[in-house]
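Have a look at the structure below before the remarks.
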Amino acid sequence: MGENEASLPNTSLQGKKMAYQKVNADQRAPGHSQYLDNDDLQATALDLEWDMEKELEEPGFDQFHLDSAENQNLENSETADLNLDSIQPATSPKGRFQRLQEESDYTTRYTRSAPKSNRCTFCRLLKILCTAIILFIFGILIGYYAHKNCPSNATSSGTLDHQLYQEILKTIQAEDIKKTFRNLMQLYKSEGDTEISKTIKAQWTSLGLEDVQFVNYSVLLSLPGPSPSSVTLSSSGQCFHPNSQPCSGEARTHSSQDLLSSYAAYSANGTLEAEIIDVSYGNADDLKRIKNMRNITNQIALLKLGKLPLLYKLSLLEKAGFGGVLLYVDPCDLPKTANLGDDTFMVSLNPGGDPSTPGYPSAVGSFRQNRWNFTSLLVQPISAALVAKLISSSKDGTKNGVCRPLELPPSEKIIVNMQVQTVTAFKTITNVVGYLKGLTSPDRYVIVGSHHHTASSYRGQEWASSTAIITAFIQAVMLRVKRGWRPDRSIVFCSWGGTEFGNIGSYEWGEDFRKVLQKNVVAYVSLHSPIRGNSSLHSVASPSLQQLVAEKNNLNCFRRAQCPETNVSSVQIQGDADYFINHLGVPSVQFAYEDIKSLQLSGEVILQIANEPVLPFNALDIALEVQNSLKGDQPNTHQLLALASRLRDSAELFQSDEMRPANDPRERVPVRVRMLNDILQDMEKNFLAQQVPPGFYRNILYHLDGKTSQFSILLEAWERCKSLASNETFQEALSKVLHSINSAQVYFKAGLDVFDSVLVGKN
């Protein structure tokens with residue numbers, strides 16, 4: 001890959017072996033060469049063991065640990081014959097090098113010869129002893145003064161980089177972000193998608209960002225119909241709009257915009273009169289219970305949003321035979337401070353990208369498929385206030401201070417007529433993409449993504465804050481660039497269009513440049529919804545980035561002298577990171593907080609990933625995440641646990657033998673660093689499953705929520721297995737996990753072999 005290519009679209013693809021033939025074998029640590037004799041092997045093992053101890057004692061390393069409550073569940077695992085101690089996070093690698101020699105396939109090429117004679121004179125011994133003492137004292141003096149006069153390059157370099165990042169980020173002012181936000185909201189009220197995109201491009205260009213482009217795609221959008229959807233009680237004839245207001249001309253006049261925005265994009269259209277059946281959260285147990293009680297064919301399901309993906313629950317309802325769905329958010333599932341009883345909302349049933357060109361970009365001349373909807377169900381989001389009216393429940397669902405969930409009494413029979421109206425049309429969506437070319441590795445990209453308003457989308461607050469945040473960061477970085485600084489890697493800033501309709505802009509761009517992105521993207525930092533929530537910091541990161549995020553959280557906490565509740569996890573998130581996580585296997589991170597703290601943390605992570613010689617990814621954390629995800633009561637996981645243990649050993653070896661020397665400037669070799677980074681950036685690609693349940697991440701390292709540590713596809717398959725006579729689905733899920741772990745194990749081993757093979761060739 002050329003080092004001087006200017007922009008993403010012009011990047012050429014080359015094989016990974018470009019740098020592997022240039023490695024200097026003299027700089028290879030001898031720890032695993034098969035040509036060492038026994039003494040050299042033992043000495044090297046001791047050195048490596050000490051170095052790994054030093055690495056683990058560095059500040060911040062011990063801050064990452066697994067949930068203690070989860071660890072306790074290991075005692076109930078059905079894997080008592082395995083050494084479950086290996087599942088716990090390592091606090092010291094002692095014994096790991098000893099295990100290498102205990103392996104049955106471990107051999108040495110040479111053995112040490114026995115001494116020919118043990119006789120020596122007293123004088124000879126005295127000379128040797130005196131010489132050794134003199135040399136020892138002399139060595140101590142040299143080491144002392146060398147250490148005193150020559151401080152560690154690693155420490156000074158790291159300190160300088162950190163100071164640089166802080167100088168860049170301290171120029172960000174909250175008032176500037178608020179001003180940008182207000183201007184965008186004014187523009188949103190008066191202009192359409194095209195004008196907003198032009199404004200963003202002009203603003204980024206004025207800040208000095210290089211090569212800011214429009215990237216347009218003609219895509220199929222599902223838009224509201226000419227009149228709002230409605231729900232009518234058959235018994236009384238009362239008609240309601242989704243926000244619970246009566247179907248009167250006055251109501252439509254005062255809130256027509258809100259009424260039109262309450263719909264399910266890509267739902268089936270039509271009218272259905274049927275009985276409402278309360279399916280609660282619509283999981284497998286709920287449906288099994290209801291099917292045993294009554295006929296559900298072509299009925300209307302009353303469904304709560306919950307932790308399970310909406311697309312997954314709709315697929316279960318469609319398979320069960322329902323004809324329609326009234327979708328709502330139970331007030332008891334919201335924070336106590338939230339009051340959204342009358343609010344309506346929009347959902348998209350699109351799993352991602354342009355529905356008319358699934359799996360390939362919407363380029364001019366592309367074949368268009370007729371996919372007007374993604375389900376045969378009539379789906380309509382409604383407010384909690386309308387649910388209360390339909391089931392004759394009080395709007396105030398609290399009793400003695402305890403929230404009472406909305407539910408339809410089993411004995412009550414309610415028949416309604418639901419009318420769903422949407423239209424589909426081809427529209428042009430626009431992505432705004434700008435580049436800051438890297439200095440030493442311009443062909444490696446850190447992508448920073450936000451999103452902007454799309455025509456016919458009615459949610460303004462979220463996109464405006466997202467755009468204001470990314471613009472503030474660009475301004476801060478470009479101020480430093482104008483003073484002569486550049487990051488090592490290129491930073492690509494993206495404002496996506498069509499996000500509300502199923503992350504269409506990011507999917508189409510990703511599919512358009514897939515070959516280049518697969519090779520060159522090292523990380524994706526999401527600014528999808530950076531300012532939200534309460535005083536809790538929401539941090540979501542790939543397993544390989546969790547250590548970095550935890551360190552940034554703790555450092556920021558120390559600087560502010562306050563520590564809001566924080567938790568770093570790998571959970572499914574909404575937004576345009578979807579394509580990069582699930583189709584490219586790119587490590588990703590997202591912060592969300594109530595003020596601009598999220599930008600400070602995101603900024604530090606962006607700068608460190610873009611500027612550090614060695615990518616700050618943790619290979620061992622992936623192995624630990626895999627082991628942690630195999631806890632639970634699912635059977636037949638013995639083979640997976642054994643394979644996960646081998647994966648952890650390979651990851652530990654890789655981290656100590658390759659990553660530790662590369663992070664020390666005194667031992668760093670540019671070509672070897674490039675080889676190492678190539679391996680680090682592709683680690684998560686091994687965990688992309690080809691087929692998963694609807695709405696589940698293809699990247700199986702991500703969980704459905706922060707409270708569940710097991711592999712999501714295993715949990716889902718196990719729940720379905722319990723309600724079916726066959727365990728075929730569960731066995732298929734086990735096979736997917738096994739192949740992913742095995743692929744990662746082979747990948748790490750191949751990475752070590754690449755370094756070893758170069759050394760053998762040189763020798």
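Chain labels A, B, ... are given in the sequence in which chains occur in the structure tokens; within each chain residues are numbered consecutively from 1, and ligands are likewise numbered from 1 in the order shown.
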Would you list, as a count of residues only, the residues of region 452-636 of chain A that end up in strand (DSSP E or B) under DSSP run on this structure's backbone?
31
Out of region 313-533 of chain A, which residues get alpha helix (DSSP H) from DSSP, as a ChimeraX atom specification?
/A:313-320,384-390,461-481,504-512,514-520
In terms of only C-alpha atoms, the residue from A:Gln627, A:Ala264, A:Val571, A:Ile200 at minimal distance from Gln546 (chain A) is A:Val571
Output as a tab-separated table one row per residue of region 496-592 of chain A within 12 Å of region 676-692 of chain A: the closest atom pair and its distance in Å to one decimal place, counting only C-alpha atoms, sorted by chain and residue number ascending.
residue	atom	partner	partner_atom	distance
A:Leu517	CA	A:Asp682	CA	11.4
A:Gln518	CA	A:Asp682	CA	8.7
A:Lys519	CA	A:Asp682	CA	8.6
A:Asn520	CA	A:Gln681	CA	8.8
A:Val521	CA	A:Gln681	CA	7.8
A:Val522	CA	A:Gln681	CA	5.2
A:Ala523	CA	A:Gln681	CA	7.6
A:Tyr524	CA	A:Gln681	CA	11.1
A:Ser542	CA	A:Glu684	CA	8.5
A:Pro543	CA	A:Glu684	CA	8.8
A:Ser544	CA	A:Glu684	CA	8.2
A:Leu545	CA	A:Gln681	CA	10.9
A:Tyr579	CA	A:Leu688	CA	11.7
A:Phe580	CA	A:Lys685	CA	10.4
A:Ile581	CA	A:Glu684	CA	8.7
A:Asn582	CA	A:Leu688	CA	6.6
A:His583	CA	A:Leu688	CA	7.4
A:Leu584	CA	A:Lys685	CA	6.7
A:Gly585	CA	A:Lys685	CA	4.4
A:Val586	CA	A:Glu684	CA	6.7
A:Pro587	CA	A:Glu684	CA	7.0
A:Ser588	CA	A:Glu684	CA	10.3
In Å, how far is it from CA of Gly438 (chain A) to CA of Asp488 (chain A)?
4.8 Å
What separates CA of Ala550 (chain A) and CA of Ser526 (chain A) is a distance of 16.8 Å
What gap, in Å, lies between CA of Pro442 (chain A) and CA of Ser529 (chain A)?
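We find that CA of Pro442 (chain A) and CA of Ser529 (chain A) lie 28.2 Å from each other.
Ranking A:Pro351, A:Gly323, A:Pro616, A:Gly505 by their shortest atom-to-atom distance to Met418 (chain A), with only C-alpha atoms included, puts A:Gly323 first.
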Contacts of Val477 (chain A) at 7 Å (only C-alpha atoms; same-chain gap of 4+ positions) as a PyMOL selection string:
chain A and resi 168+473+481
Applying 12 Å and only C-alpha atoms, which residues near Leu349 (chain A) remain after dropping the ones on its own chain fewer than 5 positions away? List them as number ranges by chain.
A: 221-222, 263-268, 309-315, 355, 372-381, 500-503, 694-695
